Structure formats: structure tokens, C-alpha cells
Amino acid sequence: MYSTPHTCVIDTETTGLRANHCIVEVGGCMIHVLSRQYASFGDVQIQLTPEQCKMVSPEAAKLNGWTPERNATAKPYDEALAEIQGWIKNYNVSGFVAHNADFDRYHLERQKFVEPGKIWYCTRKGLQA
């Protein structure tokens, strides 16, 4: 585990734009600002339950490439959750950067990938917290 904090640049793909939609993919990298070093955790595809699969909007599937075949090879939620939480803990993440931070933050916190209370910066709003 790193003793100095890192910033996580993160992006999510979901089953749609509504509040009850689910994350299907999380991608990102950890950046240590002072040393300018980074590590990527790539993208983690999250398997949907049959009930969640019914929620995938055609627009979202077209945008993020979700298919039933891709879902079959994705990581189960608990495994994906442990992997992403492990990265965040290991790199002592103090804050997040996302293009649409309000959207990503809402879904990541709601699905327990990220603990509430972290600092978020939004590139769409000019890196405002």
C-alpha cells in the first residue's frame, strides 16, 4: 500500500442514464501527482444479473458496446467490486477526476465501488470540485 495519496482518473459505462441504471464497466488509472507516476487498472467489465440485463437501453449498448455475449464473460459484481476497491485502497486514493463527475460519482457510490466523502473533480466543468 502506498503511504502518499494518489488521484484516480475514472470513467464508467452504464446500462443507461437513469438513476436506477447499473454500471457495466469501470476504467481508470491512478496518478501520483508529485512524482508524475501512474498505474492503470484498465477496464473492469461487470456482469449484470438477468434482471439488470433487461434495463440496458439500446442507446447505452450502442455507446458502450454492451452485448449479452460480453456480459457472459464479464466479472461477477462481487469480484469486480473487490478488485476496484482494492486498487483504491492500495493507492490511497484521496480524490477522483471524471469527465462527468456527478454522473460517475452517483453510480460508483450507489453501487459501493467508491466510499462517499472523497473529493471529485469534473473535467466537463473545468476541473471544479
# chains A, B, ... in the order shown; residues from 1 in each chain; ligands from 1

$ residues_around --residues "Glu25 of chain A" --least-positions-apart "3" --cutoff "8 Å" --atoms "only C-alpha atoms" --output "CSV table (one decimal) with N, CA, C and O atoms, in the first residue's frame"
chain,number,residue,atom,x,y,z
A,12,THR,N,-17.0,5.6,-16.1
A,12,THR,CA,-18.0,4.4,-16.0
A,12,THR,C,-18.8,4.4,-17.3
A,12,THR,O,-19.0,5.4,-18.0
A,13,GLU,N,-19.2,3.2,-17.6
A,13,GLU,CA,-20.2,2.9,-18.6
A,13,GLU,C,-21.4,2.3,-17.9
A,13,GLU,O,-21.2,1.4,-17.0
A,14,THR,N,-22.6,2.7,-18.2
A,14,THR,CA,-23.8,2.1,-17.6
A,14,THR,C,-24.8,1.6,-18.5
A,14,THR,O,-24.7,1.7,-19.7
A,43,ASP,N,-9.8,-1.5,-17.8
A,43,ASP,CA,-11.2,-1.5,-17.6
A,43,ASP,C,-11.7,-2.8,-17.1
A,43,ASP,O,-11.2,-3.9,-17.4
A,44,VAL,N,-12.6,-2.7,-16.1
A,44,VAL,CA,-13.2,-3.9,-15.5
A,44,VAL,C,-14.6,-4.0,-15.9
A,44,VAL,O,-15.4,-3.1,-15.7
A,45,GLN,N,-15.0,-5.1,-16.6
A,45,GLN,CA,-16.3,-5.2,-17.1
A,45,GLN,C,-17.1,-6.0,-16.0
A,45,GLN,O,-16.6,-7.0,-15.4
A,46,ILE,N,-18.3,-5.5,-15.7
A,46,ILE,CA,-19.1,-6.1,-14.6
A,46,ILE,C,-20.3,-6.8,-15.1
A,46,ILE,O,-21.1,-6.2,-15.9

$ closest_atom_pairs --of "segment 35-85 of chain A" --to "segment 103-124 of chain A" --cutoff "10 Å" --atoms "only C-alpha atoms" --output "JSON lines"
{"residue": "A:Tyr77", "atom": "CA", "partner": "A:Gln111", "partner_atom": "CA", "distance": 9.5}
{"residue": "A:Ala80", "atom": "CA", "partner": "A:Phe113", "partner_atom": "CA", "distance": 8.8}
{"residue": "A:Leu81", "atom": "CA", "partner": "A:Phe113", "partner_atom": "CA", "distance": 5.8}
{"residue": "A:Ala82", "atom": "CA", "partner": "A:Phe113", "partner_atom": "CA", "distance": 8.3}
{"residue": "A:Glu83", "atom": "CA", "partner": "A:Phe113", "partner_atom": "CA", "distance": 9.4}
{"residue": "A:Ile84", "atom": "CA", "partner": "A:Phe113", "partner_atom": "CA", "distance": 6.7}
{"residue": "A:Gln85", "atom": "CA", "partner": "A:Phe113", "partner_atom": "CA", "distance": 6.1}

$ closest_residue --among "A:Ile23, A:Met1, A:Ala98, A:Cys8" --to "Tyr38 of chain A" --atoms "only C-alpha atoms"
A:Cys8

$ residues_around --residues "Leu63 of chain A" --least-positions-apart "4" --cutoff "10 Å" --atoms "only C-alpha atoms" --output "PyMOL selection string"
chain A and resi 13-16+57-59

$ decode --residues "segment 26-37 of chain A" --atoms "N, CA, C and O atoms" --output "JSON list (two decimals), in the first residue's frame"
[["chain", "number", "residue", "atom", "x", "y", "z"],
["A", 26, "VAL", "N", -15.99, -0.16, -15.56],
["A", 26, "VAL", "CA", -15.26, 0.91, -14.89],
["A", 26, "VAL", "C", -13.83, 0.85, -15.42],
["A", 26, "VAL", "O", -13.23, -0.22, -15.48],
["A", 27, "GLY", "N", -13.31, 2.00, -15.79],
["A", 27, "GLY", "CA", -11.93, 2.07, -16.25],
["A", 27, "GLY", "C", -11.23, 3.25, -15.61],
["A", 27, "GLY", "O", -11.87, 4.22, -15.22],
["A", 28, "GLY", "N", -9.93, 3.14, -15.47],
["A", 28, "GLY", "CA", -9.23, 4.27, -14.89],
["A", 28, "GLY", "C", -7.76, 4.04, -14.65],
["A", 28, "GLY", "O", -7.21, 2.99, -14.98],
["A", 29, "CYS", "N", -7.14, 5.06, -14.08],
["A", 29, "CYS", "CA", -5.73, 4.96, -13.71],
["A", 29, "CYS", "C", -5.48, 5.79, -12.46],
["A", 29, "CYS", "O", -6.22, 6.73, -12.15],
["A", 30, "MET", "N", -4.45, 5.40, -11.73],
["A", 30, "MET", "CA", -4.04, 6.10, -10.52],
["A", 30, "MET", "C", -2.86, 7.00, -10.86],
["A", 30, "MET", "O", -1.92, 6.57, -11.54],
["A", 31, "ILE", "N", -2.90, 8.23, -10.39],
["A", 31, "ILE", "CA", -1.83, 9.19, -10.67],
["A", 31, "ILE", "C", -1.28, 9.72, -9.35],
["A", 31, "ILE", "O", -2.04, 10.15, -8.48],
["A", 32, "HIS", "N", 0.04, 9.66, -9.23],
["A", 32, "HIS", "CA", 0.72, 10.30, -8.11],
["A", 32, "HIS", "C", 1.24, 11.61, -8.63],
["A", 32, "HIS", "O", 2.21, 11.65, -9.39],
["A", 33, "VAL", "N", 0.57, 12.69, -8.28],
["A", 33, "VAL", "CA", 0.83, 14.00, -8.88],
["A", 33, "VAL", "C", 2.26, 14.46, -8.65],
["A", 33, "VAL", "O", 2.92, 14.96, -9.56],
["A", 34, "LEU", "N", 2.78, 14.30, -7.44],
["A", 34, "LEU", "CA", 4.11, 14.81, -7.13],
["A", 34, "LEU", "C", 5.21, 14.13, -7.94],
["A", 34, "LEU", "O", 6.15, 14.77, -8.41],
["A", 35, "SER", "N", 5.12, 12.82, -8.11],
["A", 35, "SER", "CA", 6.17, 12.09, -8.83],
["A", 35, "SER", "C", 5.85, 11.92, -10.31],
["A", 35, "SER", "O", 6.67, 11.44, -11.08],
["A", 36, "ARG", "N", 4.62, 12.26, -10.71],
["A", 36, "ARG", "CA", 4.14, 12.10, -12.09],
["A", 36, "ARG", "C", 4.16, 10.65, -12.55],
["A", 36, "ARG", "O", 4.35, 10.36, -13.73],
["A", 37, "GLN", "N", 3.97, 9.73, -11.64],
["A", 37, "GLN", "CA", 3.89, 8.32, -11.98],
["A", 37, "GLN", "C", 2.42, 7.90, -11.99],
["A", 37, "GLN", "O", 1.60, 8.48, -11.27]]
